[in-house]
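Dropping work-v3.pdb in here (PDB, C-alpha atoms):
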```pdb
ATOM      1  CA  MET A   1      15.371 -64.093 -46.102
ATOM      2  CA  PRO A   2      18.397 -62.638 -47.897
ATOM      3  CA  ASP A   3      20.784 -60.429 -45.965
ATOM      4  CA  GLN A   4      19.537 -56.907 -45.900
ATOM      5  CA  PRO A   5      21.629 -53.817 -45.280
ATOM      6  CA  VAL A   6      21.198 -52.752 -41.653
ATOM      7  CA  PRO A   7      18.454 -50.100 -41.716
ATOM      8  CA  ASP A   8      19.316 -46.752 -40.177
ATOM      9  CA  GLY A   9      17.397 -45.212 -37.311
ATOM     10  CA  HIS A  10      14.990 -43.495 -39.643
ATOM     11  CA  THR A  11      13.736 -46.632 -41.321
ATOM     12  CA  ALA A  12      14.079 -49.418 -38.756
ATOM     13  CA  VAL A  13      10.917 -50.224 -36.861
ATOM     14  CA  PRO A  14      10.966 -48.654 -33.382
ATOM     15  CA  VAL A  15      10.033 -50.744 -30.374
ATOM     16  CA  LEU A  16       8.997 -49.126 -27.097
ATOM     17  CA  GLU A  17       9.716 -51.248 -24.020
ATOM     18  CA  HIS A  18       8.874 -50.644 -20.394
ATOM     19  CA  LEU A  19      11.746 -51.205 -17.987
ATOM     20  CA  ASP A  20      11.495 -52.787 -14.576
ATOM     21  CA  GLU A  21      12.879 -51.155 -11.444
ATOM     22  CA  ALA A  22      16.140 -53.143 -11.444
ATOM     23  CA  GLU A  23      16.870 -52.167 -15.052
ATOM     24  CA  CYS A  24      16.084 -48.529 -14.290
ATOM     25  CA  LEU A  25      18.394 -48.387 -11.281
ATOM     26  CA  SER A  26      21.137 -50.095 -13.244
ATOM     27  CA  LEU A  27      20.842 -47.544 -16.076
ATOM     28  CA  ILE A  28      21.092 -44.547 -13.748
ATOM     29  CA  ALA A  29      23.781 -46.073 -11.498
ATOM     30  CA  PRO A  30      26.720 -44.308 -13.206
ATOM     31  CA  GLY A  31      25.363 -40.907 -12.137
ATOM     32  CA  GLY A  32      25.670 -37.780 -14.256
ATOM     33  CA  ILE A  33      23.002 -35.274 -15.240
ATOM     34  CA  GLY A  34      19.403 -35.729 -14.151
ATOM     35  CA  ARG A  35      16.512 -33.300 -13.936
ATOM     36  CA  ILE A  36      14.581 -32.494 -10.801
ATOM     37  CA  ALA A  37      10.972 -31.400 -11.271
ATOM     38  CA  TYR A  38       8.925 -29.718  -8.577
ATOM     39  CA  THR A  39       6.200 -27.153  -8.175
ATOM     40  CA  GLY A  40       7.753 -23.979  -6.865
ATOM     41  CA  ARG A  41       7.179 -20.267  -6.736
ATOM     42  CA  TYR A  42       7.564 -20.145 -10.511
ATOM     43  CA  ASP A  43       5.042 -22.924 -11.102
ATOM     44  CA  LEU A  44       6.185 -26.310 -12.358
ATOM     45  CA  THR A  45       9.962 -26.208 -12.659
ATOM     46  CA  VAL A  46      12.483 -28.628 -14.183
ATOM     47  CA  LEU A  47      16.197 -28.089 -13.592
ATOM     48  CA  PRO A  48      19.219 -30.224 -14.437
ATOM     49  CA  VAL A  49      21.575 -31.191 -11.628
ATOM     50  CA  ASN A  50      24.457 -33.610 -11.493
ATOM     51  CA  TYR A  51      23.647 -36.513  -9.222
ATOM     52  CA  LYS A  52      24.971 -39.719  -7.773
ATOM     53  CA  LEU A  53      23.056 -42.878  -6.997
ATOM     54  CA  HIS A  54      24.008 -44.146  -3.535
ATOM     55  CA  ASP A  55      22.281 -46.875  -1.533
ATOM     56  CA  GLY A  56      19.382 -46.801  -3.982
ATOM     57  CA  ALA A  57      18.723 -43.077  -3.573
ATOM     58  CA  ILE A  58      19.461 -39.994  -5.686
ATOM     59  CA  TYR A  59      21.811 -37.392  -4.171
ATOM     60  CA  PHE A  60      22.548 -33.925  -5.465
ATOM     61  CA  ARG A  61      23.808 -30.694  -3.974
ATOM     62  CA  THR A  62      22.809 -27.117  -4.357
ATOM     63  CA  ALA A  63      23.240 -23.762  -2.650
ATOM     64  CA  GLU A  64      21.735 -23.398   0.813
ATOM     65  CA  GLU A  65      19.935 -20.190  -0.084
ATOM     66  CA  SER A  66      18.879 -21.178  -3.603
ATOM     67  CA  PRO A  67      15.253 -20.801  -4.720
ATOM     68  CA  THR A  68      15.229 -24.575  -5.299
ATOM     69  CA  VAL A  69      16.054 -25.314  -1.670
ATOM     70  CA  GLN A  70      13.545 -22.772  -0.421
ATOM     71  CA  ASP A  71      10.846 -24.176  -2.707
ATOM     72  CA  LEU A  72      11.592 -27.701  -1.518
ATOM     73  CA  ARG A  73      11.264 -26.911   2.181
ATOM     74  CA  THR A  74       7.827 -27.578   3.584
ATOM     75  CA  GLY A  75       8.694 -25.901   6.867
ATOM     76  CA  ILE A  76       7.255 -28.891   8.707
ATOM     77  CA  ASP A  77       9.459 -31.475  10.447
ATOM     78  CA  ASP A  78       9.455 -34.888   8.799
ATOM     79  CA  ALA A  79       7.335 -33.613   5.908
ATOM     80  CA  ASP A  80       8.982 -33.542   2.497
ATOM     81  CA  TYR A  81       7.662 -32.441  -0.853
ATOM     82  CA  ARG A  82       7.313 -35.183  -3.388
ATOM     83  CA  VAL A  83       9.357 -34.500  -6.499
ATOM     84  CA  ALA A  84      10.184 -36.193  -9.772
ATOM     85  CA  PHE A  85      13.683 -36.912 -11.038
ATOM     86  CA  GLU A  86      14.352 -37.855 -14.641
ATOM     87  CA  VAL A  87      17.442 -39.288 -16.328
ATOM     88  CA  ASP A  88      17.704 -40.201 -19.981
ATOM     89  CA  ASP A  89      20.181 -41.040 -22.700
ATOM     90  CA  PHE A  90      19.364 -40.890 -26.404
ATOM     91  CA  ASP A  91      21.433 -41.412 -29.503
ATOM     92  CA  HIS A  92      20.355 -38.895 -32.121
ATOM     93  CA  ALA A  93      21.874 -40.909 -34.959
ATOM     94  CA  THR A  94      20.031 -44.155 -34.252
ATOM     95  CA  ARG A  95      17.058 -42.566 -32.437
ATOM     96  CA  GLU A  96      17.419 -45.142 -29.710
ATOM     97  CA  GLY A  97      17.623 -44.479 -26.013
ATOM     98  CA  TRP A  98      16.054 -44.802 -22.606
ATOM     99  CA  SER A  99      14.545 -42.704 -19.848
ATOM    100  CA  VAL A 100      13.994 -43.326 -16.157
ATOM    101  CA  LEU A 101      11.585 -41.501 -13.863
ATOM    102  CA  ILE A 102      12.015 -41.521 -10.087
ATOM    103  CA  GLN A 103       9.253 -40.182  -7.863
ATOM    104  CA  GLY A 104       9.686 -39.649  -4.172
ATOM    105  CA  PRO A 105      10.176 -37.199  -1.343
ATOM    106  CA  ALA A 106      13.038 -34.681  -1.436
ATOM    107  CA  TYR A 107      14.776 -34.954   1.928
ATOM    108  CA  HIS A 108      17.146 -32.215   3.124
ATOM    109  CA  LEU A 109      20.312 -33.465   4.772
ATOM    110  CA  ASP A 110      20.386 -30.885   7.545
ATOM    111  CA  ASP A 111      22.050 -33.114  10.107
ATOM    112  CA  GLU A 112      25.857 -32.883  10.302
ATOM    113  CA  ALA A 113      26.323 -36.667  10.341
ATOM    114  CA  GLU A 114      24.091 -37.145   7.317
ATOM    115  CA  ARG A 115      25.923 -34.389   5.535
ATOM    116  CA  ALA A 116      29.284 -35.995   6.269
ATOM    117  CA  ASP A 117      28.042 -39.285   4.793
ATOM    118  CA  ALA A 118      26.878 -37.442   1.693
ATOM    119  CA  GLN A 119      30.211 -35.626   1.380
ATOM    120  CA  ALA A 120      31.894 -39.018   1.425
ATOM    121  CA  ILE A 121      30.204 -40.149  -1.780
ATOM    122  CA  GLY A 122      32.239 -37.540  -3.667
ATOM    123  CA  LEU A 123      29.451 -35.547  -5.227
ATOM    124  CA  GLU A 124      30.485 -32.279  -6.838
ATOM    125  CA  ALA A 125      28.115 -29.619  -8.133
ATOM    126  CA  TRP A 126      29.133 -28.628 -11.631
ATOM    127  CA  PRO A 127      28.126 -24.982 -11.252
ATOM    128  CA  GLY A 128      30.580 -24.635  -8.376
ATOM    129  CA  GLY A 129      30.212 -21.951  -5.716
ATOM    130  CA  GLU A 130      28.916 -22.608  -2.230
ATOM    131  CA  ARG A 131      26.725 -25.605  -2.858
ATOM    132  CA  ASP A 132      26.849 -27.287   0.498
ATOM    133  CA  HIS A 133      23.244 -28.267   0.712
ATOM    134  CA  PHE A 134      22.550 -31.934   0.022
ATOM    135  CA  ILE A 135      19.210 -33.321  -1.059
ATOM    136  CA  ARG A 136      18.314 -36.995  -1.213
ATOM    137  CA  ILE A 137      15.409 -38.388  -3.208
ATOM    138  CA  SER A 138      14.342 -41.813  -1.972
ATOM    139  CA  PRO A 139      12.414 -43.526  -4.760
ATOM    140  CA  LEU A 140       8.821 -44.456  -4.015
ATOM    141  CA  ARG A 141       8.126 -45.219  -7.656
ATOM    142  CA  VAL A 142      10.640 -46.067 -10.372
ATOM    143  CA  SER A 143       9.608 -46.399 -13.994
ATOM    144  CA  GLY A 144      11.374 -46.320 -17.307
ATOM    145  CA  ARG A 145      11.177 -47.037 -20.974
ATOM    146  CA  ARG A 146      13.501 -47.780 -23.814
ATOM    147  CA  ILE A 147      13.194 -47.170 -27.545
ATOM    148  CA  ARG A 148      15.168 -49.543 -29.692
ATOM    149  CA  ARG A 149      15.069 -50.272 -33.390
ATOM    150  CA  ALA A 150      14.314 -53.696 -34.778
ATOM    151  CA  ARG A 151      17.188 -54.762 -37.031
TER     152      ARG A 151
ATOM    153  CA  MET B 152      51.024 -13.784 -15.997
ATOM    154  CA  PRO B 153      52.902 -16.567 -17.788
ATOM    155  CA  ASP B 154      51.018 -18.875 -20.117
ATOM    156  CA  GLN B 155      49.301 -21.618 -18.191
ATOM    157  CA  PRO B 156      48.144 -24.946 -19.539
ATOM    158  CA  VAL B 157      44.401 -24.765 -20.233
ATOM    159  CA  PRO B 158      42.708 -26.138 -17.123
ATOM    160  CA  ASP B 159      40.338 -29.024 -17.619
ATOM    161  CA  GLY B 160      36.694 -28.976 -16.609
ATOM    162  CA  HIS B 161      37.465 -30.238 -13.138
ATOM    163  CA  THR B 162      39.784 -27.426 -12.185
ATOM    164  CA  ALA B 163      38.628 -24.375 -14.177
ATOM    165  CA  VAL B 164      36.387 -21.991 -12.287
ATOM    166  CA  PRO B 165      32.734 -22.532 -13.226
ATOM    167  CA  VAL B 166      30.574 -19.531 -14.078
ATOM    168  CA  LEU B 167      26.777 -19.753 -13.954
ATOM    169  CA  GLU B 168      25.010 -17.322 -16.301
ATOM    170  CA  HIS B 169      21.330 -16.617 -16.742
ATOM    171  CA  LEU B 170      20.159 -16.552 -20.352
ATOM    172  CA  ASP B 171      17.623 -14.150 -21.805
ATOM    173  CA  GLU B 172      14.616 -15.318 -23.793
ATOM    174  CA  ALA B 173      16.217 -14.750 -27.209
ATOM    175  CA  GLU B 174      19.268 -16.829 -26.251
ATOM    176  CA  CYS B 175      17.033 -19.578 -24.893
ATOM    177  CA  LEU B 176      14.923 -19.784 -28.061
ATOM    178  CA  SER B 177      18.039 -19.773 -30.200
ATOM    179  CA  LEU B 178      19.534 -22.683 -28.209
ATOM    180  CA  ILE B 179      16.440 -24.845 -28.528
ATOM    181  CA  ALA B 180      15.716 -23.895 -32.165
ATOM    182  CA  PRO B 181      17.381 -27.003 -33.685
ATOM    183  CA  GLY B 182      14.802 -29.245 -31.983
ATOM    184  CA  GLY B 183      15.630 -32.703 -30.660
ATOM    185  CA  ILE B 184      14.867 -34.219 -27.276
ATOM    186  CA  GLY B 185      13.091 -32.203 -24.598
ATOM    187  CA  ARG B 186      11.231 -33.242 -21.486
ATOM    188  CA  ILE B 187       7.622 -32.442 -20.738
ATOM    189  CA  ALA B 188       6.661 -32.224 -17.063
ATOM    190  CA  TYR B 189       3.083 -32.279 -15.815
ATOM    191  CA  THR B 190       1.052 -33.471 -12.889
ATOM    192  CA  GLY B 191      -0.852 -36.539 -13.962
ATOM    193  CA  ARG B 192      -2.486 -39.620 -12.532
ATOM    194  CA  TYR B 193       0.934 -40.851 -11.416
ATOM    195  CA  ASP B 194       1.811 -37.601  -9.672
ATOM    196  CA  LEU B 195       4.475 -35.305 -11.080
ATOM    197  CA  THR B 196       5.712 -36.860 -14.309
ATOM    198  CA  VAL B 197       8.645 -36.014 -16.600
ATOM    199  CA  LEU B 198       8.918 -37.710 -19.986
ATOM    200  CA  PRO B 199      11.266 -37.131 -22.913
ATOM    201  CA  VAL B 200       9.757 -36.401 -26.314
ATOM    202  CA  ASN B 201      11.305 -35.262 -29.547
ATOM    203  CA  TYR B 202      10.134 -31.790 -30.434
ATOM    204  CA  LYS B 203      10.381 -29.029 -32.979
ATOM    205  CA  LEU B 204      10.336 -25.299 -32.374
ATOM    206  CA  HIS B 205       7.995 -23.620 -34.864
ATOM    207  CA  ASP B 206       6.744 -20.028 -34.770
ATOM    208  CA  GLY B 207       8.112 -19.661 -31.253
ATOM    209  CA  ALA B 208       6.201 -22.654 -29.859
ATOM    210  CA  ILE B 209       7.141 -26.230 -28.928
ATOM    211  CA  TYR B 210       5.473 -29.022 -30.916
ATOM    212  CA  PHE B 211       5.548 -32.723 -30.204
ATOM    213  CA  ARG B 212       3.368 -35.681 -31.050
ATOM    214  CA  THR B 213       2.126 -38.610 -29.094
ATOM    215  CA  ALA B 214      -0.521 -41.329 -29.248
ATOM    216  CA  GLU B 215      -4.150 -40.204 -29.124
ATOM    217  CA  GLU B 216      -5.005 -42.652 -26.350
ATOM    218  CA  SER B 217      -1.800 -42.284 -24.357
ATOM    219  CA  PRO B 218      -1.907 -41.569 -20.616
ATOM    220  CA  THR B 219      -0.023 -38.340 -21.343
ATOM    221  CA  VAL B 220      -2.760 -37.039 -23.639
ATOM    222  CA  GLN B 221      -5.471 -38.082 -21.221
ATOM    223  CA  ASP B 222      -3.647 -36.432 -18.330
ATOM    224  CA  LEU B 223      -3.215 -33.243 -20.341
ATOM    225  CA  ARG B 224      -6.889 -32.862 -21.228
ATOM    226  CA  THR B 225      -8.812 -30.642 -18.871
ATOM    227  CA  GLY B 226     -12.122 -31.629 -20.472
ATOM    228  CA  ILE B 227     -13.036 -27.941 -20.641
ATOM    229  CA  ASP B 228     -13.033 -26.003 -23.922
ATOM    230  CA  ASP B 229     -10.322 -23.364 -24.167
ATOM    231  CA  ALA B 230      -8.798 -24.482 -20.875
ATOM    232  CA  ASP B 231      -5.340 -26.033 -21.036
ATOM    233  CA  TYR B 232      -3.117 -27.409 -18.328
ATOM    234  CA  ARG B 233       0.043 -25.479 -17.751
ATOM    235  CA  VAL B 234       3.122 -27.632 -18.225
ATOM    236  CA  ALA B 235       6.888 -27.259 -18.169
ATOM    237  CA  PHE B 236       9.223 -28.237 -20.982
ATOM    238  CA  GLU B 237      12.965 -28.573 -20.478
ATOM    239  CA  VAL B 238      15.813 -28.871 -22.963
ATOM    240  CA  ASP B 239      19.486 -29.092 -22.055
ATOM    241  CA  ASP B 240      22.870 -29.970 -23.462
ATOM    242  CA  PHE B 241      25.900 -30.761 -21.301
ATOM    243  CA  ASP B 242      29.410 -31.855 -22.113
ATOM    244  CA  HIS B 243      30.526 -34.384 -19.515
ATOM    245  CA  ALA B 244      34.197 -33.873 -20.329
ATOM    246  CA  THR B 245      34.277 -30.107 -19.800
ATOM    247  CA  ARG B 246      31.274 -29.976 -17.436
ATOM    248  CA  GLU B 247      29.895 -27.103 -19.435
ATOM    249  CA  GLY B 248      26.405 -26.798 -20.839
ATOM    250  CA  TRP B 249      23.060 -25.055 -20.800
ATOM    251  CA  SER B 250      19.436 -25.668 -19.943
ATOM    252  CA  VAL B 251      16.229 -23.942 -20.996
ATOM    253  CA  LEU B 252      12.864 -24.100 -19.252
ATOM    254  CA  ILE B 253       9.620 -23.263 -21.053
ATOM    255  CA  GLN B 254       6.413 -22.866 -19.080
ATOM    256  CA  GLY B 255       3.036 -22.542 -20.717
ATOM    257  CA  PRO B 256      -0.254 -24.199 -21.582
ATOM    258  CA  ALA B 257      -0.340 -27.520 -23.453
ATOM    259  CA  TYR B 258      -2.760 -27.047 -26.317
ATOM    260  CA  HIS B 259      -4.185 -30.058 -28.184
ATOM    261  CA  LEU B 260      -4.341 -29.660 -31.943
ATOM    262  CA  ASP B 261      -7.738 -31.278 -32.390
ATOM    263  CA  ASP B 262      -8.757 -29.214 -35.387
ATOM    264  CA  GLU B 263      -7.994 -30.765 -38.796
ATOM    265  CA  ALA B 264      -6.535 -27.545 -40.197
ATOM    266  CA  GLU B 265      -4.231 -27.100 -37.174
ATOM    267  CA  ARG B 266      -3.177 -30.702 -37.457
ATOM    268  CA  ALA B 267      -2.335 -30.279 -41.149
ATOM    269  CA  ASP B 268      -0.148 -27.275 -40.307
ATOM    270  CA  ALA B 269       1.621 -29.311 -37.645
ATOM    271  CA  GLN B 270       2.130 -32.239 -40.037
ATOM    272  CA  ALA B 271       3.799 -29.807 -42.419
ATOM    273  CA  ILE B 272       6.622 -29.015 -39.997
ATOM    274  CA  GLY B 273       7.863 -32.580 -40.427
ATOM    275  CA  LEU B 274       7.775 -33.743 -36.837
ATOM    276  CA  GLU B 275       8.299 -37.463 -36.306
ATOM    277  CA  ALA B 276       7.834 -39.298 -33.027
ATOM    278  CA  TRP B 277      10.852 -41.473 -32.353
ATOM    279  CA  PRO B 278       8.901 -44.252 -30.659
ATOM    280  CA  GLY B 279       6.865 -44.712 -33.870
ATOM    281  CA  GLY B 280       3.426 -46.296 -33.840
ATOM    282  CA  GLU B 281       0.220 -44.342 -34.182
ATOM    283  CA  ARG B 282       1.287 -41.023 -32.758
ATOM    284  CA  ASP B 283      -1.036 -38.690 -34.555
ATOM    285  CA  HIS B 284      -1.845 -36.441 -31.680
ATOM    286  CA  PHE B 285      -0.064 -33.087 -31.739
ATOM    287  CA  ILE B 286       0.508 -30.890 -28.720
ATOM    288  CA  ARG B 287       1.756 -27.327 -28.816
ATOM    289  CA  ILE B 288       3.256 -25.531 -25.851
ATOM    290  CA  SER B 289       3.118 -21.760 -26.248
ATOM    291  CA  PRO B 290       5.712 -20.239 -23.919
ATOM    292  CA  LEU B 291       4.433 -17.895 -21.245
ATOM    293  CA  ARG B 292       7.769 -17.900 -19.468
ATOM    294  CA  VAL B 293      11.186 -18.788 -20.898
ATOM    295  CA  SER B 294      14.252 -19.033 -18.701
ATOM    296  CA  GLY B 295      17.655 -20.591 -19.025
ATOM    297  CA  ARG B 296      21.130 -20.847 -17.642
ATOM    298  CA  ARG B 297      24.554 -21.790 -18.838
ATOM    299  CA  ILE B 298      27.571 -23.166 -17.006
ATOM    300  CA  ARG B 299      30.891 -22.321 -18.571
ATOM    301  CA  ARG B 300      34.427 -22.600 -17.290
ATOM    302  CA  ALA B 301      36.725 -19.620 -16.996
ATOM    303  CA  ARG B 302      39.904 -20.307 -18.978
TER     304      ARG B 302
END
```

Conversion result in structure tokens:
Amino acid sequence: MPDQPVPDGHTAVPVLEHLDEAECLSLIAPGGIGRIAYTGRYDLTVLPVNYKLHDGAIYFRTAEESPTVQDLRTGIDDADYRVAFEVDDFDHATREGWSVLIQGPAYHLDDEAERADAQAIGLEAWPGGERDHFIRISPLRVSGRRIRRAR
Amino acid sequence: MPDQPVPDGHTAVPVLEHLDEAECLSLIAPGGIGRIAYTGRYDLTVLPVNYKLHDGAIYFRTAEESPTVQDLRTGIDDADYRVAFEVDDFDHATREGWSVLIQGPAYHLDDEAERADAQAIGLEAWPGGERDHFIRISPLRVSGRRIRRAR
């Protein structure tokens, strides 16, 4: 076949691939912005937070008295709400990218020792203010997919 | 006060603002990637789709037989599942950005005339393939927030 000009994202054939857990965790390892989804007082809610991946779990911080924290407290010891956490990265020019979905319980780091460990991973909350409440999502299910363009 | 060098995103004081509905709709008007959240067979699920805003509603397309479509069908006429749809844009360098959350019913455009109207808005599904199923989310609640840095 003769050399063809490389097709742009609009014409190349898209391929949708499913990613395994190791690929997913590798893609989200750098941290950054992810979105936590949960059912709260305002129905199904999705909010971006900046996160870090540490020891295979998602960590983010928020304000102690925030609606998110209140919505995520079951009020029962050792019972956590199950949430979803999504991270993605798409290139609008090529229309390629990937997304990862983590599902698992949202655990509140209420213990001082746990909180100190979480502080040590150097997680800052971009909105600033008093955001000293740490939440950890331990993945029960990890799934992901990638769109790439056949060249 | 003497002139100071402009602080970078890490040192400038972050300000969190709530956005009104008009600002939110204006921010998401260009379309692009958003994330639909719903409770499906695999629990709470968040998936990116490319969308357009048309007549104040979110439109996206997917495959007729996809798990998403099946999960979003109540099986009851005139009854739609309520979903959440999130769009955001953050600048990692300045740590500024915004997010918008739309909540409302996910309506399936099963009628040929509705489908023709939706085709006319020129919505393509990035993953390609047979994605001839259109879904419209009519906002019942629109909320948003912006992080900016005081200079």

Residue IDs satisfying the ChimeraX specification (/A :<7) & /B, as an MDAnalysis selection string: chainID B and resid 165:167 195:197 234:235 237 246 252 277:279 298

Hey, what comes out of the PyMOL selection byres ((chain B and resi 261) around 12) on this file? Could you write it as a list in words? Glu215, Val220, Arg224, Asp228, Asp229, Tyr258, His259, Leu260, Asp262, Glu263, Ala264, Glu265, Arg266, Ala267, Asp268, Ala269, Asp283, His284, Phe285, Ile286 and Arg287 of chain B

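Between Gly185 (chain B) and the residues B:Leu223, B:Tyr210, B:Tyr232, B:Pro290, the shortest atom-to-atom distance, using only C-alpha atoms, involves B:Tyr210.
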
Between CA of Ala214 (chain B) and CA of Ala271 (chain B), measure the distance and give it in Å to one decimal. 18.0 Å

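Remark: for Ala208 (chain B), the closest of the candidate residues B:Ser177, B:Thr225, B:Ser289, B:Gln270 is B:Ser289 (distances computed over only C-alpha atoms).
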
With all atoms of region 226-237 of chain B from the file as input, state the centre and edge lengths in Å to one decimal of the axis-aligned box that has 5 Å extra on each side, as lines of an AutoDock Vina configuration file.
```
center_x = 0.0
center_y = -27.5
center_z = -21.0
size_x = 36.0
size_y = 18.3
size_z = 16.4
```

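Take CA of Arg41 (chain A) and CA of Gln70 (chain A): the distance between them is 9.3 Å.
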
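Across the structure, CA of Leu123 (chain A) and CA of Ile179 (chain B) are spaced 28.8 Å apart.
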
Taking into account only C-alpha atoms, which residue in the set B:Cys175, B:Val200, B:Leu170, B:Ile209 is nearest to Ile272 (chain B)? B:Ile209

Convert the output of the PyMOL selection byres ((chain A and resi 31) around 6) on the shown file into explicit residues, formatted as a list in words. Ile28, Ala29, Pro30, Gly32, Tyr51, Lys52 and Leu53 of chain A

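Closest to Pro67 (chain A) among A:Ala79, A:Pro105, A:Gly40, A:Ala93 is A:Gly40, based on all atoms listed in the file.
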